[in-house]
Every structure is written in C-alpha cells, then in structure tokens.
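To keep things clear, I will list the structure first and then write my remarks on it.
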Amino acid sequence: MTQRDPIFRLEGVTRRYGNLTALDGIDFVAEDNAYIALLGPSGSGKTSLLRVIAGFETPDAGRIWFQGRDITDLPAHERGIGFVFQNFALFPHLTVFENVAFGLRHGAQALPKDEITERVKSSIEMVGLAGLEDRSPEQISGGQKQRVALARSLVMQPKLVLLDEPLGALDANLRERMQVELRAIRERLDVTFLHVTGSETEALAMGDKVAVLDAGRIVQYDTPDTIYDGPVVSDVAKFLNRFNLFEGSLENGIFTGAFGAVPVTNPRKNKSDTYAIRYDRTQIFDAGDANLPGPALPARFLASEYLGSSIIFLFETEDQKTVEVDHHLSLGEPRPLTVGENYTLSWNPEHAIVFGKETAR
Amino acid sequence: MTATSRNRQKKTTFRLLAPGVVWMILFLIAPIMMIVYVSFWTQTTFAINSTLTLDSWKNFFASEAYVGALWTTIRLWLIVLTLTFVIGYPAALYVGLMVKSKTISTVLLVLCVIPFWTSFLIRVLAWRPMLGKEGAINIILQKLGLIQTPIEVLLFSELSVIIGMTQIYVVFMVGPIAFMLGRIDHNIIEAARDLGAGFGRIFWKIIFPLSLPGVVVGAIFVSVMVLGEFATSGALSGRKVNLLGNIIVTQVGSLKWAMASVVGVILTILLGIVVAGFLRIVDLKREI
C-alpha cells in the first residue's frame with residue numbers, strides 16, 4: 001500500500017429498514033486497484049451496502065469516504081462510482097452503442113463527439129463486443145448484456161466499480177468464463193472492483209481479498225486462502241460450505257461432541273461451541289478400525305457425488321447429521337463403499353478448527 | 001408436412017377466424033360501406049332516393065358553416081389533446097413512477113376513475129353551475145375581491161367546451177401513461193443516475209421515451225372520443241361551437257341522411273388519418 005488515501009473507507013455505516021438493521025456499524029477500508037469479493041448469505045445486507053456506497057440509499061449513521069473525500073451526502077450521479085446491476089439494467093430503447101455512450105453524453109462533463117465515439121468503441125472492444133454496436137439489448141444474449149453493462153460503467157473510467165451479483169443471471173459455463181474475464185479486464189485498468197456474491201466458490205476464486213458479511217457486519221476480511229484455512233467464526237466456516245461442523249461443548253480445553261471428547265488447542269472466540277473439519281481432511285475407515293489418526297465418528301454411508309476431479313461421499317451420523325467427505329482423485333482411487341453400511345470417519349486433530357465461547361487463556 | 005394436412009390446417013384456421021370475420025363484416029364493414037353509399041344518394045327536402053349524385057358532397061365543401069365546423073373540430077381536438085397531455089402526464093408520472101407502493105398507486109388510479117360512477121351527461125352538465133355567470137367560480141372570485149364583474153366568457157363559449165372535454169378525457173391519458181411508467185425497471189433509472197445523469201436528462205432520455213407507447217395509446221383514446229364529440233359542445237357552448245358531431249346530430253334530426261353520411265365519412269377518414277399517424281410513432285405490437 002502506498003501513502004495515498006485508500007480508494008474508499010466506511011466508518012460505522014448503519015442502515016435500518018424499520019426494525020430491521022441491514023447494516024450494523026460497518027467499518028471497512030478498501031485497497032486501491034484490487035479485486036474485493038463481498039461474500040454473504042442472502043439477507044446479510046450485502047446489496048444494501050453496495051447501494052449505500054453507490055448513493056442510491058443514504059445510511060442512517062456513519063460516513064463514506066471515497067478517494068479521500070466524504071461523499072456521504074453527495075447524490076449518486078455526482079459520485080463517479082460505477083455500478084453493474086444483477087439484472088444488467090440496460091436501457092431497452094437504446095442500442096448497445098448508445099447504452100455505453102449514455103454516461104459520456106448525459107453525464108456531468110460535456111465531451112466532444114469524436115472523443116465519445118472513440119471511448120465507446122474502445123470500451124466495447126475491450127469487453128469483446130465489437131460488431132454488435134447497433135444491436136438493441138433484446139437482440140443479444142445474457143452474457144453479452146453483462147458485457148454491455150460492464151462496458152457502460154467502465155467507459156466512465158471510474159476508480160471504483162460495484163458489481164451486484166454480476167454473474168448470478170448467467171449459466172454455469174458462462175459464469176466461469178466471465179470470472180476469468182472480469183479479473184483480466186480489471187487488471188488492465190487501474191480500478192477497484194467490489195464484487196458482491198452469495199457464492200463462496202465465486203468469492204474465493206475472484207477476490208484478491210474477500211470480505212465476509214453476516215447480519216449486517218463484516219466478520220472477516222482477508223485473502224481467500226487465509227479465510228479458507230482459517231475462518232474466524234463458525235458462521236464464516238458455514239458459508240464457505242467446505243467444513244463439517246459439529247455442535248458440542250467446550251470445557252477446559254476438551255471438546256465433547258458426536259465423536260467423543262477431544263482435547264483442543266487455541267479455540268477461536270465464537271457465540272457457540274463448534275468443531276469444524278474440512279471435507280477434504282475427513283477420512284473414511286472401516287467400522288472398528290483401531291488405527292485412526294484422531295477422533296472416531298461412526299457414520300452410515302448414504303451416497304456419492306462424482307465431481308470430475310473429486311468425489312463427495314455423503315454420510316449420516318447417529319444423530320441424523322449429514323457429513324461430507326471430499327476425496328480428491330489425484331490421491332488415488334477411493335476405497336469401495338457399500339450404501340447403508342456403517343463406517344468410521346476420522347481426521348488429524350491438528351487440522352480441526354474449534355470455535356468456542358471459552359477461549360484459550 | 002403433407003399437402004392434405006396443410007390443407008386441413010388451413011381449414012381449421014379459417015373456421016377459427018370465421019366468427020370474428022362475420023362479426024366485423026356485419027357490424028363494421030357493412031355499416032361503413034352503407035354510410036359511404038348513402039352519402040351519394042339524392043336528397044330532396046322531404047325524401048331521399050338512391051339515385052347517385054355528388055350534390056351532398058358539393059354542398060358540404062361549398063358551405064362555410066360545414067367547412068368551418070371541420071376546422072373547429074380539428075382545432076378543439078388539438079387543444080384538448082395538448083391539455084390532456086400537459087395535465088395528464090405529470091399526474092401519471094406521480095402515480096406510475098413516484099409512488100413507491102403499488103397499493104397507493106392503485107388507490108390513486110381508482111380515484112381518477114371515480115367521476116365515471118356518474119353518467120357522462122351529468123358530468124358535462126355539472127360544469128354549468130361551476131362556470132356560469134352566477135356560478136361557483138365567479139362567486140368565489142368576487143367574494144375574494146379578485147374581480148368586480150363576473151367573467152362571462154367562462155360558460156357558453158369555446159373555453160367552457162375545452163374545460164369540460166379536458167376534465168372528462170384527461171383520465172384516458174393518465175391511465176395508459178401510468179401503466180407504461182409503472183413497468184419501468186427502477187434499476188434502469190438508478191443506472192442512469194450512476195452514470196452521472198441528473199433528473200432532467202434521465203427524464204428526457206430514459207423515462208419519456210419508455211413511456212411513449214402509453215402517450216400514444218392515451219392520445220388515440222382521447223382523439224377518437226374528442227373528434228366524435230357532440231354532447232359537451234352541445235351542453236356547454238350554447239350552440240356557439242359546432243363540431244362535426246353536432247352537424248351529424250342536427251342532420252339526422254331533420255332526416256337529412258345524405259348530408260349526415262357525408263359528414264360521417266369525413267369524420268371517419270379524419271379519425272383514420274389521426275390514428276394511423278399516431279401508430280407510426282411507436283410500434284405498439286412490440287410494446288404490448
């Protein structure tokens with residue numbers, strides 16, 4: 001980081017809708033020239049946060065700083081922050097070219113015609129839509145609309161672009177291609193992307209940094225690998241969708257759960273006692289096997305799901321909880337399993353992450 | 001597809017179309033053809049016979065009163081159309097776009113329609129005690145000391161006809177426009193704001209173009225009704241304002257079928273031109 005002001009900064013931003021607190025005193029500092037993914041389940045306030053930053057809504061409390069300037073009271077059209085809508089929000093009566101040119105033609109500063117044409121052309125080329133300038137929005141595909149929406153924001157040369165679940169309306173194939181392209185486009189321009197998503201894989205794949213939002217608060221802001229390996233609270237581990245979580249009780253460094261009592265070190269402060277082990281750290285053993293690397297969890301095999309590079313095995317414990325085991329095929333063929341048979345699941349306790357109301361002294 | 005099955009499909013299509021076609025021929029095409037035919041009949045003072053002649057048409061265009069009525073009709077139509085648009089659009093903008101709650105916007109639209117619970121003639125005649133020499137408006141203005149003598153031009157003039165027609169038909173402009181405005185995605189307006197456009201730009205470049213189909217439908221409604229009007233001008237102008245509709249009424253009243261037909265044909269042609277002209281502005285099939 002340079003000595004410059006951060007691109008934007010939130011100070012205790014709070015937004016309420018009646019009794020519902022959508023944003024609960026959010027403090028946040030965003031790096032320049034970064035791809036920031038904002039991950040949160042639906043209802044966590046992620047869209048509200050984006051709308052407050054864009055200026056479509058005013059916060060009930062707190063300040064928003066953009067490029068060293070307090071913009072809390074500035075109307076949306078004077079902020080110069082790009083916004084890409086989930087449903088693209090293209091102007092249906094204008095051609096692709098006119099959609100992209102809209103901000104240059106009708107924005108704050110009047111530009112000469114030649115410059116507008118030139119900037120629009122290069123912007124359309126950048127998103128790979130050259131040749132479609134004269135089409136109307138209803139004559140292009142979903143992926144192309146997404147690109148028009150992006151070009152329409154980027155042509156204004158903003159320093160910050162907010163993307164509200166930009167890939168949500170695309171099919172899986174297209175989504176992956178757009179992920180790569182969004183990152184490539186961002187790297188070519190000196191711009192920060194704040195990308196809101198409900199998909200943990202998308203957030204981890206795309207963000208240079210990931211902010212996890214829960215119940216109107218940012219609970220963790222870090223690089224994707226740090227978050228993946230070390231969620232700070234059990235809720236983050238839950239959204240990541242890569243951990244088997246076991247409720248239990250933690251007392252004097254001993255966690256008691258479905259797999260018995262296990263000594264734990266360095267539990268993380270949390271509102272409940274939860275034991276987390278990643279799907280791909282969980283291993284399968286025969287029932288009664290004595291050579292276990294750690295705790296023993298008896299479970300019944302339910303089904304398997306083939307994912308190409310790995311296989312997910314679904315088990316059910318005695319207390320009706322589903323446990324997943326991710327076996328990567330580069331580790332060799334998985335052992336044959338019989339549906340309905342009982343097995344023992346185990347793992348190396350060093351890989352477990354324990355959350356507890358009681359923390360290490 | 002084989003020739004027989006294609007043939008069968010053709011027959012099915014024809015059968016499905018037949019009731020509509022028969023209905024249209026019986027109740028639209030045939031009467032119009034009849035009016036055109038009768039307009040060429042020979043009219044004598046007490047009788048009419050089917051000898052074809054151009055006399056009625058020549059009479060119409062030779063008479064200053066009749067041609068004058070044509071121009072009055074066109075002039076009043078343009079004035080009322082403009083007024084319903086100028087008054088109706090802001091109202092529609094409020095109901096269709098500004099009001100966030102769907103319930104409130106429905107309630108407001110219903111309020112606009114409440115006058116229709118009384119009959120058309122009552123609504124027209126209700127303007128007499130409002131606009132008259134000793135009517136409500138004059139009394140209020142005199143009480144307030146704004147005027148010394150009552151404004152007489154308020155009633156039994158072209159002005160009163162314009163006021164009456166505008167009040168009665170403005171709602172037909174509000175409805176379709178509010179409907180189109182209600183369909184605009186709010187994200188589109190926010191996107192325009194995000195791109196730096198102020199309210200004026202957003203209105204003229206986004207909102208107005210997207211509401212244009214509603215304006216056209218409203219304009220067609222108002223035009224069709226105003227061009228065929230006779231009751232408002234009859235009741236509020238004191239016979240000073242003669243529209244084509246009024247001429248038809250008097251000609252039919254005195255059993256001058258040929259002349260009534262001539263005026264009817266002219267009115268129909270005028271309406272056809274107006275509606276066709278409006279439909280050229282937007283492609284309604286694409287919008288609805």
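Residues in the structure tokens are named by chain (A, B, ... in the order shown) and by number from 1 within that chain; ligands are numbered from 1 in the order shown.
Residues of range 41-79 of chain B that DSSP places in strand (DSSP E or B), based on the backbone of this structure, are Thr42, Gln43, Ile48 and Asn49 of chain B.
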Store the residues of this selection in a file with all heavy atoms, as an mmCIF file, in the first residue's frame.
```
data_model
loop_
_atom_site.group_PDB
_atom_site.id
_atom_site.type_symbol
_atom_site.label_atom_id
_atom_site.label_comp_id
_atom_site.auth_asym_id
_atom_site.auth_seq_id
_atom_site.Cartn_x
_atom_site.Cartn_y
_atom_site.Cartn_z
ATOM 1 N N THR B 42 -79.490 10.908 -53.509
ATOM 2 C CA THR B 42 -80.081 12.212 -53.812
ATOM 3 C C THR B 42 -81.047 12.603 -52.706
ATOM 4 O O THR B 42 -81.950 11.852 -52.356
ATOM 5 C CB THR B 42 -80.847 12.162 -55.155
ATOM 6 O OG1 THR B 42 -79.970 11.657 -56.147
ATOM 7 C CG2 THR B 42 -81.339 13.550 -55.545
ATOM 8 N N GLN B 43 -80.831 13.786 -52.134
ATOM 9 C CA GLN B 43 -81.646 14.247 -51.011
ATOM 10 C C GLN B 43 -82.549 15.372 -51.488
ATOM 11 O O GLN B 43 -82.069 16.364 -52.041
ATOM 12 C CB GLN B 43 -80.729 14.765 -49.905
ATOM 13 C CG GLN B 43 -81.457 15.323 -48.708
ATOM 14 C CD GLN B 43 -81.711 14.262 -47.656
ATOM 15 O OE1 GLN B 43 -80.800 13.589 -47.202
ATOM 16 N NE2 GLN B 43 -82.984 14.086 -47.300
ATOM 17 N N ILE B 48 -85.622 10.934 -49.713
ATOM 18 C CA ILE B 48 -84.282 10.576 -50.171
ATOM 19 C C ILE B 48 -84.419 9.390 -51.101
ATOM 20 O O ILE B 48 -85.266 8.514 -50.867
ATOM 21 C CB ILE B 48 -83.370 10.261 -48.983
ATOM 22 C CG1 ILE B 48 -81.926 10.027 -49.454
ATOM 23 C CG2 ILE B 48 -83.859 9.071 -48.166
ATOM 24 C CD1 ILE B 48 -80.919 10.116 -48.338
ATOM 25 N N ASN B 49 -83.719 9.394 -52.243
ATOM 26 C CA ASN B 49 -83.744 8.213 -53.110
ATOM 27 C C ASN B 49 -82.339 7.852 -53.549
ATOM 28 O O ASN B 49 -81.402 8.649 -53.453
ATOM 29 C CB ASN B 49 -84.672 8.425 -54.302
ATOM 30 C CG ASN B 49 -84.149 9.504 -55.218
ATOM 31 O OD1 ASN B 49 -83.097 9.331 -55.839
ATOM 32 N ND2 ASN B 49 -84.870 10.622 -55.292
#
```
What are the closest atom pairs, with distances in Å to one decimal, for all residues of chain A lying within 12 Å of chain B? Consider only C-alpha atoms, order rows by chain and residue number, and present the result as a Markdown table.
```
| residue | atom | partner | partner_atom | distance |
| --- | --- | --- | --- | --- |
| A:Arg51 | CA | B:Glu190 | CA | 9.9 |
| A:Ile53 | CA | B:Asp194 | CA | 11.1 |
| A:Ala54 | CA | B:Asp194 | CA | 7.3 |
| A:Gly55 | CA | B:Asp194 | CA | 8.3 |
| A:Phe56 | CA | B:Glu190 | CA | 7.1 |
| A:Glu57 | CA | B:Glu190 | CA | 10.7 |
| A:Leu74 | CA | B:Asp194 | CA | 11.9 |
| A:Pro75 | CA | B:Arg193 | CA | 8.7 |
| A:Ala76 | CA | B:Asp194 | CA | 5.7 |
| A:His77 | CA | B:Gly196 | CA | 4.0 |
| A:Glu78 | CA | B:Gly196 | CA | 6.0 |
| A:Arg79 | CA | B:Asp194 | CA | 7.7 |
| A:Gly80 | CA | B:Gly196 | CA | 7.0 |
| A:Ile81 | CA | B:Asp194 | CA | 6.9 |
| A:Gly82 | CA | B:Asp194 | CA | 6.5 |
| A:Phe83 | CA | B:Asp194 | CA | 6.6 |
| A:Val84 | CA | B:Ala191 | CA | 7.9 |
| A:Phe85 | CA | B:Asn187 | CA | 7.3 |
| A:Gln86 | CA | B:Asn187 | CA | 9.3 |
| A:Asn87 | CA | B:Asn187 | CA | 8.2 |
| A:Phe88 | CA | B:Asn187 | CA | 8.4 |
| A:Ala89 | CA | B:Ile188 | CA | 4.8 |
| A:Leu90 | CA | B:Ile188 | CA | 6.5 |
| A:Phe91 | CA | B:Ile188 | CA | 6.4 |
| A:Pro92 | CA | B:Leu210 | CA | 8.2 |
| A:His93 | CA | B:Leu210 | CA | 7.0 |
| A:Leu94 | CA | B:Ile206 | CA | 9.1 |
| A:Glu98 | CA | B:Lys205 | CA | 10.9 |
| A:Asn99 | CA | B:Ala192 | CA | 9.7 |
| A:Val100 | CA | B:Leu195 | CA | 9.8 |
| A:Ala101 | CA | B:Leu195 | CA | 9.8 |
| A:Phe102 | CA | B:Leu195 | CA | 7.4 |
| A:Gly103 | CA | B:Leu195 | CA | 4.6 |
| A:Leu104 | CA | B:Leu195 | CA | 8.0 |
| A:Arg105 | CA | B:Ala197 | CA | 8.9 |
| A:His106 | CA | B:Ala197 | CA | 5.4 |
| A:Gly107 | CA | B:Gly196 | CA | 4.3 |
| A:Ala108 | CA | B:Gly196 | CA | 5.9 |
| A:Gln109 | CA | B:Gly196 | CA | 9.0 |
| A:Ala110 | CA | B:Gly196 | CA | 11.3 |
| A:Glu138 | CA | B:Arg286 | CA | 11.3 |
| A:Ala149 | CA | B:Ala191 | CA | 9.3 |
| A:Leu150 | CA | B:Ala191 | CA | 11.5 |
| A:Ala151 | CA | B:Leu195 | CA | 11.6 |
| A:Arg152 | CA | B:Leu195 | CA | 8.2 |
| A:Ser153 | CA | B:Leu195 | CA | 7.1 |
| A:Leu154 | CA | B:Leu195 | CA | 10.0 |
| A:Val155 | CA | B:Leu195 | CA | 9.6 |
| A:Met156 | CA | B:Leu195 | CA | 7.4 |
| A:Gln157 | CA | B:Leu195 | CA | 10.6 |
| A:Pro158 | CA | B:Leu195 | CA | 9.8 |
| A:Leu160 | CA | B:Asp194 | CA | 11.9 |
| A:Val161 | CA | B:Asp194 | CA | 10.5 |
| A:Leu162 | CA | B:Asp194 | CA | 10.6 |
| A:Leu163 | CA | B:Ala191 | CA | 12.0 |
| A:Asp164 | CA | B:Asn187 | CA | 11.5 |
```
Print the selection's residues with C-alpha atoms to a file, as a compact mmCIF listing (two decimals), in the first residue's frame.
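Result file is part-v4.txt:
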```txt
# COMPACT_ATOMS: atom_id res chain seq x y z
CA ARG A 51 -26.48 0.63 -2.67
CA ILE A 53 -21.81 3.13 -1.33
CA ALA A 54 -23.32 3.93 -4.75
CA GLY A 55 -25.55 6.58 -3.22
CA PHE A 56 -28.93 5.05 -4.06
CA GLU A 57 -29.62 4.93 -0.34
CA LEU A 74 -23.31 13.51 -2.35
CA PRO A 75 -26.10 12.36 -4.72
CA ALA A 76 -25.45 9.20 -6.75
CA HIS A 77 -24.94 10.99 -10.06
CA GLU A 78 -22.11 13.10 -8.66
CA ARG A 79 -20.14 10.26 -7.09
CA GLY A 80 -18.43 8.77 -10.11
CA ILE A 81 -18.70 5.22 -8.83
CA GLY A 82 -19.57 2.55 -11.38
CA PHE A 83 -22.40 0.11 -10.69
CA VAL A 84 -23.19 -3.12 -12.52
CA PHE A 85 -26.67 -4.42 -11.75
CA GLN A 86 -27.59 -8.03 -11.30
CA ASN A 87 -30.27 -7.79 -13.99
CA PHE A 88 -27.91 -5.60 -16.10
CA ALA A 89 -30.46 -2.73 -16.25
CA LEU A 90 -29.65 -1.87 -19.85
CA PHE A 91 -31.69 0.92 -21.41
CA PRO A 92 -34.11 -1.14 -23.51
CA HIS A 93 -34.81 1.59 -26.08
CA LEU A 94 -31.15 2.31 -26.90
CA GLU A 98 -25.93 4.28 -27.13
CA ASN A 99 -26.14 2.33 -23.89
CA VAL A 100 -22.38 2.54 -23.48
CA ALA A 101 -22.31 6.17 -24.61
CA PHE A 102 -25.06 7.27 -22.21
CA GLY A 103 -22.81 8.37 -19.36
CA LEU A 104 -20.47 10.27 -21.66
CA ARG A 105 -23.32 12.05 -23.44
CA HIS A 106 -25.52 12.86 -20.46
CA GLY A 107 -23.07 12.93 -17.58
CA ALA A 108 -21.56 15.88 -15.78
CA GLN A 109 -18.94 16.99 -18.29
CA ALA A 110 -19.74 17.53 -21.95
CA GLU A 138 -33.22 -7.60 -26.68
CA ALA A 149 -23.40 -3.33 -18.58
CA LEU A 150 -19.72 -3.61 -17.72
CA ALA A 151 -18.58 -1.51 -20.69
CA ARG A 152 -21.21 1.10 -19.83
CA SER A 153 -19.65 1.53 -16.36
CA LEU A 154 -16.01 1.25 -17.40
CA VAL A 155 -16.30 3.82 -20.20
CA MET A 156 -16.68 6.45 -17.46
CA GLN A 157 -13.23 5.48 -16.19
CA PRO A 158 -14.35 5.10 -12.58
CA LEU A 160 -14.36 2.01 -8.13
CA VAL A 161 -16.89 -0.33 -9.70
CA LEU A 162 -19.57 -2.04 -7.63
CA LEU A 163 -20.83 -5.30 -9.06
CA ASP A 164 -24.08 -6.63 -7.59
```
Neighbours of Phe243 in chain A within 7 Å (only C-alpha atoms; same-chain residues fewer than 6 positions away dropped), as a short mmCIF file (atom, residue, chain, number, x, y, z; two decimals) with N, CA and C atoms, in the first residue's frame?
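Generated output (selection_30.cif):
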```cif
data_model
loop_
_atom_site.label_atom_id
_atom_site.label_comp_id
_atom_site.auth_asym_id
_atom_site.auth_seq_id
_atom_site.Cartn_x
_atom_site.Cartn_y
_atom_site.Cartn_z
N ALA A 237 -17.17 -20.29 8.52
CA ALA A 237 -16.92 -21.68 8.12
C ALA A 237 -18.16 -22.27 7.47
N ALA A 276 -14.95 -27.73 13.71
CA ALA A 276 -15.01 -27.72 12.24
C ALA A 276 -13.84 -28.52 11.67
N ILE A 277 -14.17 -29.39 10.71
CA ILE A 277 -13.13 -30.11 9.99
C ILE A 277 -13.47 -30.08 8.50
N ARG A 278 -12.49 -29.73 7.67
CA ARG A 278 -12.77 -29.58 6.26
C ARG A 278 -13.16 -30.90 5.61
N TYR A 279 -14.02 -30.84 4.58
CA TYR A 279 -14.48 -32.05 3.88
C TYR A 279 -13.29 -32.88 3.41
#
```
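Checking A:Ile116, A:Val323, A:Gly332, A:Ser48 one by one against Ser310 in chain A, counting only C-alpha atoms, you find the shortest gap at A:Gly332.
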Please provide the set of residues having any atom within 9 Å of Val263 in chain B, restricted to only C-alpha atoms, with same-chain residues fewer than 6 positions apart removed, written as a ChimeraX atom specification. /B:39,57,60,66,244-245,247-248
Store the residues picked out above, limited to C-alpha atoms, as a PDB file, in the first residue's frame.
```
ATOM      1  CA  SER B  39     -73.598   9.882 -48.875  1.00  0.00           C
ATOM      2  CA  TRP B  57     -70.502  16.430 -51.066  1.00  0.00           C
ATOM      3  CA  PHE B  60     -70.608  20.343 -47.701  1.00  0.00           C
ATOM      4  CA  TYR B  66     -69.769  22.983 -42.576  1.00  0.00           C
ATOM      5  CA  LEU B 244     -68.760  17.683 -36.969  1.00  0.00           C
ATOM      6  CA  GLY B 245     -70.572  15.552 -34.389  1.00  0.00           C
ATOM      7  CA  ILE B 247     -73.794  18.573 -37.534  1.00  0.00           C
ATOM      8  CA  ILE B 248     -74.439  14.860 -37.788  1.00  0.00           C
TER       9      ILE B 248
END
```
Write out as a ChimeraX atom specification all residues of range 60-284 of chain A that backbone DSSP assigns to helix (DSSP H, G or I). /A:76-78,96-106,113-126,137-139,142-154,172-188,200-206,224-229,234-240,279-281
Might you pull out every residue within 10 Å of range 167-174 of chain A, with only C-alpha atoms counted and same-chain residues fewer than 5 positions away left off, and present them as a PyMOL selection string? chain A and resi 85-88+141-143+146+179+195-199+202
One number please: CA of Leu212 in chain B to CA of Arg286 in chain B, in Å, one decimal. 12.6 Å
Long-range neighbours of range 293-296 of chain A as number ranges by chain, 8 Å cut-off, only C-alpha atoms, 3 positions minimum in chain: A: 259-260, 262, 344-349
May I have the selected residues written with N, CA, C and O atoms, as a JSON list (two decimals), in the first residue's frame?
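Output contents, as saved in out-v8.json:
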```
[["chain", "number", "residue", "atom", "x", "y", "z"],
["A", 259, "PHE", "N", -18.34, -37.28, 18.29],
["A", 259, "PHE", "CA", -17.17, -38.18, 18.13],
["A", 259, "PHE", "C", -16.45, -38.38, 19.46],
["A", 259, "PHE", "O", -15.30, -38.83, 19.49],
["A", 260, "GLY", "N", -17.08, -38.03, 20.56],
["A", 260, "GLY", "CA", -16.46, -38.23, 21.86],
["A", 260, "GLY", "C", -15.79, -36.98, 22.36],
["A", 260, "GLY", "O", -16.04, -35.88, 21.87],
["A", 262, "VAL", "N", -12.50, -34.66, 22.86],
["A", 262, "VAL", "CA", -11.21, -34.47, 22.19],
["A", 262, "VAL", "C", -10.52, -33.27, 22.82],
["A", 262, "VAL", "O", -11.15, -32.22, 22.98],
["A", 344, "THR", "N", -16.34, -45.65, 9.93],
["A", 344, "THR", "CA", -15.87, -44.70, 10.92],
["A", 344, "THR", "C", -15.16, -43.57, 10.19],
["A", 344, "THR", "O", -14.34, -43.82, 9.31],
["A", 345, "LEU", "N", -15.52, -42.34, 10.54],
["A", 345, "LEU", "CA", -14.85, -41.20, 9.94],
["A", 345, "LEU", "C", -13.84, -40.66, 10.95],
["A", 345, "LEU", "O", -14.11, -40.63, 12.16],
["A", 346, "SER", "N", -12.68, -40.25, 10.44],
["A", 346, "SER", "CA", -11.68, -39.71, 11.35],
["A", 346, "SER", "C", -10.85, -38.66, 10.63],
["A", 346, "SER", "O", -10.96, -38.49, 9.41],
["A", 347, "TRP", "N", -10.02, -37.96, 11.36],
["A", 347, "TRP", "CA", -9.19, -36.91, 10.79],
["A", 347, "TRP", "C", -8.05, -36.60, 11.74],
["A", 347, "TRP", "O", -8.09, -37.02, 12.91],
["A", 348, "ASN", "N", -7.08, -35.91, 11.22],
["A", 348, "ASN", "CA", -5.97, -35.47, 12.05],
["A", 348, "ASN", "C", -6.43, -34.28, 12.88],
["A", 348, "ASN", "O", -6.81, -33.25, 12.32],
["A", 349, "PRO", "N", -6.43, -34.38, 14.18],
["A", 349, "PRO", "CA", -6.97, -33.29, 15.02],
["A", 349, "PRO", "C", -6.26, -31.97, 14.80],
["A", 349, "PRO", "O", -6.84, -30.90, 15.06]]
```
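Contact shell of Leu121 in chain B at 12 Å (only C-alpha atoms; same-chain neighbours under 2 positions omitted): Pro115, Phe116, Trp117, Thr118, Ser119, Arg123, Val124, Leu125, Ala126, Trp127, Arg128, Gly164, Met165, Ile168, Phe230, Ala231, Thr232, Ser233, Gly234, Ala235 and Leu236 of chain B.
With only C-alpha atoms as the atoms that count, the minimum distance from Val153 in chain B to the choices B:Leu141, B:Ser237, B:Val226, B:Lys285 is reached by B:Ser237.
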